[in-house]
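Asker: Got a structure for you, structure.cif, holding mmCIF, C-alpha atoms.
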data_target
loop_
_atom_site.label_atom_id
_atom_site.label_comp_id
_atom_site.auth_asym_id
_atom_site.auth_seq_id
_atom_site.Cartn_x
_atom_site.Cartn_y
_atom_site.Cartn_z
CA MET A 1 -38.47 20.51 -168.42
CA PRO A 2 -38.40 24.13 -167.19
CA ASP A 3 -35.40 24.74 -169.47
CA SER A 4 -37.12 23.49 -172.60
CA HIS A 5 -40.17 25.58 -171.67
CA ALA A 6 -38.03 28.68 -171.28
CA GLN A 7 -36.45 27.90 -174.64
CA SER A 8 -39.83 27.75 -176.37
CA ALA A 9 -40.67 31.29 -175.15
CA VAL A 10 -37.92 32.66 -177.44
CA ALA A 11 -39.07 33.47 -180.97
CA HIS A 12 -37.03 31.78 -183.72
CA GLN A 13 -35.34 34.98 -184.96
CA PHE A 14 -33.56 35.52 -181.62
CA ASP A 15 -30.47 33.74 -180.29
CA ASP A 16 -31.63 33.70 -176.69
CA ALA A 17 -34.06 35.19 -174.16
CA PRO A 18 -31.88 38.21 -173.17
CA GLN A 19 -31.52 39.22 -176.84
CA GLN A 20 -35.28 38.99 -177.32
CA HIS A 21 -35.87 41.00 -174.14
CA HIS A 22 -33.42 43.66 -175.32
CA ALA A 23 -35.08 43.92 -178.74
CA ASP A 24 -38.55 44.13 -177.17
CA THR A 25 -37.42 46.87 -174.80
CA LEU A 26 -35.79 48.98 -177.55
CA GLY A 27 -38.86 48.65 -179.79
CA MET A 28 -41.16 49.73 -176.98
CA TRP A 29 -38.99 52.73 -176.09
CA LEU A 30 -38.91 53.76 -179.75
CA PHE A 31 -42.71 53.74 -179.73
CA LEU A 32 -42.76 55.69 -176.45
CA ALA A 33 -40.43 58.28 -178.05
CA THR A 34 -43.10 58.94 -180.70
CA GLU A 35 -45.62 59.29 -177.87
CA VAL A 36 -43.35 61.83 -176.15
CA MET A 37 -43.40 63.80 -179.43
CA LEU A 38 -47.21 63.55 -179.69
CA PHE A 39 -47.82 64.88 -176.19
CA GLY A 40 -44.75 67.17 -176.44
CA GLY A 41 -46.38 69.17 -179.23
CA LEU A 42 -49.44 69.78 -177.06
CA PHE A 43 -47.33 70.69 -174.03
CA THR A 44 -45.32 73.15 -176.15
CA GLY A 45 -48.45 74.82 -177.54
CA TYR A 46 -49.91 75.00 -174.05
CA ALA A 47 -46.74 76.64 -172.65
CA VAL A 48 -46.63 79.28 -175.40
CA TYR A 49 -50.25 80.35 -174.82
CA ARG A 50 -49.90 80.17 -171.06
CA HIS A 51 -46.94 82.56 -171.36
CA ARG A 52 -48.99 84.85 -173.59
CA TYR A 53 -52.23 84.82 -171.54
CA LEU A 54 -50.98 84.05 -168.03
CA ALA A 55 -53.68 85.99 -166.12
CA GLY A 56 -56.46 84.26 -168.07
CA PHE A 57 -54.86 80.85 -167.56
CA ILE A 58 -54.57 81.42 -163.79
CA GLN A 59 -58.26 82.36 -163.68
CA ALA A 60 -59.24 79.32 -165.80
CA SER A 61 -57.13 76.97 -163.68
CA GLY A 62 -59.10 78.20 -160.65
CA GLU A 63 -62.21 76.64 -162.22
CA MET A 64 -60.55 73.20 -162.19
CA HIS A 65 -61.46 70.67 -159.50
CA ALA A 66 -57.95 70.44 -158.03
CA ILE A 67 -58.91 68.01 -155.26
CA LEU A 68 -60.36 65.52 -157.76
CA GLY A 69 -57.22 66.03 -159.88
CA ALA A 70 -54.95 65.31 -156.90
CA ILE A 71 -56.98 62.20 -155.99
CA ASN A 72 -56.72 61.04 -159.60
CA THR A 73 -52.93 61.53 -159.52
CA ALA A 74 -52.76 59.32 -156.41
CA VAL A 75 -54.99 56.72 -158.10
CA LEU A 76 -52.66 56.61 -161.13
CA LEU A 77 -49.51 56.36 -158.99
CA CYS A 78 -51.12 53.41 -157.15
CA SER A 79 -52.04 51.80 -160.48
CA SER A 80 -48.40 52.12 -161.56
CA LEU A 81 -47.31 50.32 -158.39
CA ALA A 82 -49.87 47.57 -159.12
CA MET A 83 -48.49 47.32 -162.68
CA ALA A 84 -44.89 47.12 -161.42
CA LEU A 85 -45.92 44.33 -159.03
CA ALA A 86 -47.72 42.55 -161.90
CA VAL A 87 -44.45 42.59 -163.89
CA HIS A 88 -42.66 41.26 -160.81
CA ALA A 89 -45.21 38.45 -160.50
CA ALA A 90 -44.81 37.64 -164.21
CA THR A 91 -41.00 37.42 -164.02
CA THR A 92 -41.21 35.22 -160.89
CA ARG A 93 -43.93 33.11 -162.61
CA LYS A 94 -46.65 33.60 -159.99
CA LYS A 95 -49.84 33.22 -161.98
CA ASN A 96 -52.45 34.17 -159.34
CA GLN A 97 -50.46 37.22 -158.24
CA LEU A 98 -50.06 38.29 -161.87
CA VAL A 99 -53.80 38.05 -162.57
CA GLY A 100 -54.59 39.82 -159.28
CA PHE A 101 -52.27 42.77 -159.88
CA LEU A 102 -53.41 43.12 -163.50
CA ILE A 103 -57.04 43.28 -162.30
CA LEU A 104 -56.03 45.84 -159.63
CA THR A 105 -54.33 47.92 -162.34
CA ILE A 106 -57.50 47.76 -164.47
CA VAL A 107 -59.76 48.69 -161.53
CA LEU A 108 -57.57 51.70 -160.61
CA GLY A 109 -57.48 52.73 -164.29
CA LEU A 110 -61.28 52.59 -164.44
CA ALA A 111 -61.47 54.59 -161.17
CA PHE A 112 -59.29 57.26 -162.82
CA LEU A 113 -61.59 57.43 -165.85
CA GLY A 114 -64.64 57.56 -163.57
CA ILE A 115 -63.27 60.53 -161.61
CA LYS A 116 -62.24 62.21 -164.89
CA ALA A 117 -65.77 61.72 -166.27
CA THR A 118 -67.17 63.27 -163.07
CA GLU A 119 -64.95 66.31 -163.63
CA TYR A 120 -66.07 66.59 -167.26
CA TYR A 121 -69.70 66.47 -166.09
CA LEU A 122 -69.07 69.25 -163.53
CA GLU A 123 -67.40 71.34 -166.25
CA TYR A 124 -70.37 70.68 -168.52
CA LYS A 125 -72.68 72.01 -165.80
CA ASP A 126 -70.38 75.06 -165.45
CA HIS A 127 -70.72 75.74 -169.21
CA LEU A 128 -66.98 75.39 -169.75
CA ILE A 129 -66.85 72.99 -172.71
CA PRO A 130 -65.66 74.77 -175.90
CA GLY A 131 -67.73 73.86 -178.94
CA LEU A 132 -70.53 72.45 -176.82
CA ASN A 133 -71.83 74.92 -174.26
CA PHE A 134 -69.06 77.39 -173.52
CA ALA A 135 -70.28 80.53 -171.77
CA TRP A 136 -68.18 82.76 -169.52
CA ASP A 137 -69.38 86.06 -168.06
CA GLY A 138 -66.17 86.96 -166.21
CA PRO A 139 -63.05 88.69 -167.53
CA ASP A 140 -60.78 87.25 -170.25
CA PRO A 141 -63.32 84.95 -171.98
CA LYS A 142 -60.94 84.29 -174.91
CA ALA A 143 -58.09 83.09 -172.69
CA MET A 144 -60.64 81.05 -170.77
CA PHE A 145 -61.81 79.42 -174.02
CA LEU A 146 -58.21 78.75 -175.02
CA PHE A 147 -57.33 77.14 -171.68
CA MET A 148 -60.41 74.92 -171.69
CA SER A 149 -59.62 73.85 -175.28
CA PHE A 150 -56.11 72.81 -174.23
CA TYR A 151 -57.54 71.17 -171.10
CA PHE A 152 -60.02 68.98 -172.97
CA THR A 153 -57.59 68.13 -175.79
CA MET A 154 -54.76 67.13 -173.44
CA THR A 155 -56.81 65.30 -170.81
CA GLY A 156 -58.97 63.78 -173.57
CA LEU A 157 -55.94 62.39 -175.42
CA HIS A 158 -54.61 61.12 -172.09
CA ALA A 159 -57.97 59.46 -171.27
CA LEU A 160 -57.89 57.84 -174.73
CA HIS A 161 -54.46 56.40 -173.86
CA MET A 162 -55.86 55.17 -170.54
CA THR A 163 -58.72 53.45 -172.37
CA GLY A 164 -56.24 51.77 -174.71
CA GLY A 165 -54.11 50.70 -171.74
CA ILE A 166 -57.12 49.24 -169.88
CA THR A 167 -58.12 47.31 -173.03
CA VAL A 168 -54.62 45.84 -173.36
CA MET A 169 -54.50 44.97 -169.63
CA THR A 170 -57.89 43.24 -169.87
CA ILE A 171 -56.68 41.03 -172.73
CA LEU A 172 -53.44 40.30 -170.85
CA ALA A 173 -55.37 39.45 -167.65
CA ILE A 174 -57.49 36.91 -169.57
CA LEU A 175 -54.38 35.38 -171.17
CA ALA A 176 -52.59 35.40 -167.80
CA ALA A 177 -55.50 33.56 -166.16
CA ARG A 178 -55.01 30.83 -168.81
CA GLY A 179 -51.36 30.59 -167.78
CA HIS A 180 -50.13 32.08 -171.06
CA PHE A 181 -47.24 34.03 -169.47
CA THR A 182 -46.33 31.99 -166.40
CA ALA A 183 -46.34 28.51 -168.00
CA LYS A 184 -43.63 29.25 -170.58
CA GLY A 185 -41.94 32.04 -168.68
CA ASN A 186 -42.50 34.70 -171.34
CA SER A 187 -43.00 37.77 -169.19
CA ASN A 188 -41.83 40.24 -171.88
CA THR A 189 -45.34 41.08 -173.10
CA ILE A 190 -46.44 42.01 -169.55
CA GLU A 191 -43.28 44.08 -169.07
CA MET A 192 -43.72 45.99 -172.37
CA ALA A 193 -47.39 46.70 -171.62
CA GLY A 194 -46.18 47.94 -168.23
CA LEU A 195 -43.79 50.40 -169.91
CA TYR A 196 -46.77 51.87 -171.78
CA TRP A 197 -48.84 52.09 -168.59
CA HIS A 198 -46.06 53.88 -166.70
CA PHE A 199 -45.57 56.28 -169.61
CA VAL A 200 -49.25 57.28 -169.52
CA ASP A 201 -48.79 57.82 -165.77
CA ILE A 202 -45.82 60.14 -166.44
CA VAL A 203 -47.92 62.23 -168.85
CA TRP A 204 -50.48 62.77 -166.09
CA VAL A 205 -47.73 63.64 -163.58
CA PHE A 206 -47.04 66.70 -165.78
CA LEU A 207 -50.67 67.41 -166.77
CA PHE A 208 -51.86 67.69 -163.15
CA PRO A 209 -49.71 70.67 -162.00
CA LEU A 210 -49.82 72.33 -165.44
CA LEU A 211 -53.63 72.34 -165.70
CA TYR A 212 -54.88 72.31 -162.11
CA LEU A 213 -52.25 74.36 -160.28
CA VAL A 214 -51.54 77.42 -162.46
CA ARG A 215 -50.34 80.24 -160.19
CA MET B 1 -27.91 36.03 -168.21
CA GLU B 2 -30.74 36.83 -165.82
CA GLN B 3 -32.73 40.04 -166.32
CA ARG B 4 -32.20 42.36 -163.36
CA HIS B 5 -35.31 43.86 -161.85
CA PRO B 6 -35.97 45.92 -158.71
CA THR B 7 -37.17 44.15 -155.57
CA ILE B 8 -40.66 44.65 -154.12
CA ARG B 9 -39.10 46.77 -151.36
CA VAL B 10 -37.67 49.14 -154.00
CA TYR B 11 -41.08 49.38 -155.73
CA LEU B 12 -42.80 50.24 -152.43
CA THR B 13 -40.16 52.86 -151.53
CA VAL B 14 -40.47 54.52 -154.95
CA TRP B 15 -44.27 54.51 -154.69
CA ALA B 16 -44.16 56.08 -151.18
CA THR B 17 -41.75 58.75 -152.47
CA LEU B 18 -44.05 59.51 -155.43
CA MET B 19 -47.05 59.91 -153.11
CA ALA B 20 -45.03 62.19 -150.79
CA LEU B 21 -43.96 64.32 -153.78
CA LEU B 22 -47.62 64.61 -154.84
CA VAL B 23 -48.47 65.99 -151.38
CA VAL B 24 -45.57 68.48 -151.64
CA THR B 25 -46.81 69.61 -155.08
CA VAL B 26 -50.31 70.29 -153.73
CA LEU B 27 -49.00 72.06 -150.60
CA ALA B 28 -46.62 74.24 -152.66
CA ALA B 29 -49.59 75.42 -154.76
CA ILE B 30 -51.69 76.58 -151.79
CA PRO B 31 -50.00 79.98 -151.21
CA ARG B 32 -51.20 81.70 -154.37
CA THR B 33 -48.76 84.57 -153.82
CA LEU B 34 -45.72 82.50 -154.80
CA GLY B 35 -46.58 82.98 -158.49
CA GLY B 36 -43.97 81.74 -160.94
CA ILE B 37 -41.84 80.15 -158.22
CA SER B 38 -44.61 77.62 -157.45
CA THR B 39 -44.65 76.68 -161.15
CA VAL B 40 -40.89 76.08 -161.07
CA ILE B 41 -41.28 73.98 -157.90
CA ALA B 42 -44.17 72.01 -159.46
CA MET B 43 -42.18 71.30 -162.65
CA LEU B 44 -39.05 70.26 -160.70
CA ILE B 45 -41.16 67.86 -158.61
CA ALA B 46 -42.92 66.50 -161.73
CA ALA B 47 -39.53 65.92 -163.40
CA THR B 48 -38.25 64.14 -160.27
CA LYS B 49 -41.36 61.90 -160.25
CA ALA B 50 -40.89 61.15 -163.97
CA VAL B 51 -37.22 60.20 -163.43
CA LEU B 52 -38.17 57.90 -160.52
CA ILE B 53 -40.85 56.19 -162.64
CA VAL B 54 -38.50 55.79 -165.63
CA LEU B 55 -35.56 54.48 -163.58
CA TYR B 56 -37.40 52.06 -161.28
CA PHE B 57 -40.93 51.26 -162.51
CA MET B 58 -39.69 51.18 -166.13
CA HIS B 59 -36.43 49.41 -165.16
CA VAL B 60 -34.15 51.76 -167.09
CA ARG B 61 -31.73 51.91 -164.13
CA TYR B 62 -31.15 48.18 -164.62
CA ALA B 63 -31.24 48.20 -168.42
CA HIS B 64 -28.64 47.90 -171.18
CA ARG B 65 -26.92 51.13 -172.31
CA THR B 66 -28.71 51.19 -175.67
CA THR B 67 -32.00 51.34 -173.74
CA TRP B 68 -30.60 54.38 -171.91
CA ILE B 69 -29.87 56.00 -175.29
CA PHE B 70 -33.36 55.28 -176.66
CA ALA B 71 -35.05 56.53 -173.48
CA SER B 72 -32.87 59.66 -173.27
CA ALA B 73 -33.31 60.44 -176.98
CA ALA B 74 -37.08 60.68 -176.50
CA PHE B 75 -36.69 63.42 -173.90
CA PHE B 76 -33.69 65.03 -175.61
CA TRP B 77 -35.79 65.64 -178.74
CA LEU B 78 -38.52 67.07 -176.52
CA LEU B 79 -35.95 69.52 -175.05
CA ILE B 80 -35.03 70.64 -178.59
CA LEU B 81 -38.72 71.21 -179.37
CA LEU B 82 -39.28 73.16 -176.14
CA GLY B 83 -35.94 75.01 -176.23
CA LEU B 84 -36.16 76.35 -179.78
CA THR B 85 -39.87 77.23 -179.46
CA PHE B 86 -39.46 79.04 -176.14
CA GLY B 87 -36.30 80.71 -177.43
CA ASP B 88 -38.52 82.37 -180.01
CA TYR B 89 -41.79 83.13 -178.18
CA PHE B 90 -40.40 84.04 -174.76
CA THR B 91 -37.86 86.53 -176.15
CA ARG B 92 -40.11 88.40 -178.60
CA GLY B 93 -40.81 91.16 -176.08
CA TRP B 94 -37.08 91.87 -175.71
CA THR B 95 -36.86 93.55 -179.09
CA VAL B 96 -39.89 95.82 -178.71
CA GLY B 97 -38.94 99.32 -179.75
CA THR B 98 -36.00 98.30 -181.92
CA TYR B 99 -38.16 97.64 -184.99
CA GLY B 100 -38.68 100.34 -187.65
CA LYS B 101 -36.15 102.81 -186.30
#
Produce structure tokens that represent the structure in this file.

Answerer:
Amino acid sequence: MPDSHAQSAVAHQFDDAPQQHHADTLGMWLFLATEVMLFGGLFTGYAVYRHRYLAGFIQASGEMHAILGAINTAVLLCSSLAMALAVHAATTRKKNQLVGFLILTIVLGLAFLGIKATEYYLEYKDHLIPGLNFAWDGPDPKAMFLFMSFYFTMTGLHALHMTGGITVMTILAILAARGHFTAKGNSNTIEMAGLYWHFVDIVWVFLFPLLYLVR
Amino acid sequence: MEQRHPTIRVYLTVWATLMALLVVTVLAAIPRTLGGISTVIAMLIAATKAVLIVLYFMHVRYAHRTTWIFASAAFFWLLILLGLTFGDYFTRGWTVGTYGK
């Protein structure tokens, strides 16, 4: 019986499970490559202006809440571990573990967004949001404005990706609780969603030192 | 053919290393006098963390060679974008004074 179940997890266009897994992985990495380009453009623009207005960027970075940023980095790294363990539970067909680790991933993702929202609120109170209430009395107001624009665009796009990831994980957790992945042994969906989650983590790994720790 | 995946012990070791590298990043940023060197350190650490995540959490270390090509291509194209752009902007100052003479 387990064999026939495993067989039914393979879509009809594939010869076997490894071929399907390989195709899924390549497709996901192709998508992630487009994501690297999307964030890459922002990183490139940021680097050019940081090079041009370094003193202003150092001053602006000093207004960041670096401790909250560091805590958020730790939260995301923990969520990536939870995601990796969820994939492990899916491949070893442990339903309760899978649901548990997916929920832990979601909770840590929400904690990240909560801390990020707190930071945004503090920056709102500091009048640092371009287009909303930006006001800066100190030196280099233009570089300050530029940095904050990059900051909100990059962290905002990242937060949007987090929101998308949490939505996907929520759907997967519901399906997992119904035994969708562990009954037939089709763990690919969990693994591909995991690739996306880890990618979003990698983006933050670069955003944290670039935005919070400019020296 | 069974898919090869890291063990839980490997996941925990990678996670502990990532957390340690985060601490190093924060500590390296505390002396504000280091200037550009601390940026280089921070970027090297970030790249190391990214490689660890890609190889172990994203299973690329255990994956088929075509997956290696797809994953590398993503970052190779990023290097072209960064390299050619920086090659322009970061060297503009070098030619100051040679124009219009």

Asker: Give me, as a ChimeraX atom specification, the contact residues of chain A against chain B at a cut-off of 7 Å, counting only C-alpha atoms.

Answerer: /A:18,26,29-30,33,36-37,40,44,48,74,81,84,195,198,202,205-206,209,213,215

Asker: How far is it from CA of Ala90 in chain A to CA of Glu191 in chain A, in Å with one decimal?

Answerer: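 Taking CA of Ala90 in chain A and CA of Glu191 in chain A, their separation equals 8.2 Å.
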
Asker: Using CA of Leu132 in chain A and CA of Glu119 in chain A as the two end points, give the distance in Å to one decimal.

Answerer: 15.6 Å

Asker: Which is closest to Gly194 in chain A among A:Ser79, A:Ile58, A:Pro130, A:Leu207, if we use all atoms listed in the file?

Answerer: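 With all atoms listed in the file as the atom set, the closest residue is A:Ser79.
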
Asker: Would you give the centre and edge lengths, in Å to one decimal, of a box along x, y and z around the listed atoms of range 33-46 of chain A, with 6 Å added to each side, as JSON?

Answerer:
{"center_x": -45.2, "center_y": 66.6, "center_z": -177.4, "size_x": 21.5, "size_y": 28.7, "size_z": 18.7}

Asker: Between CA of Pro141 in chain A and CA of Gly56 in chain A, measure the distance and give it in Å to one decimal.

Answerer: 7.9 Å

Asker: Which residues fall under the PyMOL selection byres ((chain A and resi 144) around 12) in this file, as JSON, numbers by chain?

Answerer: {"A": [49, 50, 53, 54, 55, 56, 57, 58, 59, 60, 61, 62, 63, 64, 127, 128, 129, 130, 134, 135, 136, 137, 138, 139, 140, 141, 142, 143, 145, 146, 147, 148, 149, 150, 151]}

Asker: Using the chain letters and numbers from this file, what does the PyMOL selection byres ((chain A and resi 163) around 12) select? Give the answer as a ChimeraX atom specification.

Answerer: /A:106-114,156-162,164-170,197,200

Asker: Using the chain letters and numbers from this file, what does the PyMOL selection byres ((chain A and resi 69) around 9) select? Give the answer as a count of residues only.

Answerer: 15

Asker: Check the smallest atom-to-atom distance from each of A:Phe31, A:Phe14, A:Phe181, A:Phe152 to Tyr124 in chain A using all atoms listed in the file, then report the winner.

Answerer: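 Residue with the minimum atom-to-atom distance to Tyr124 in chain A: A:Phe152.
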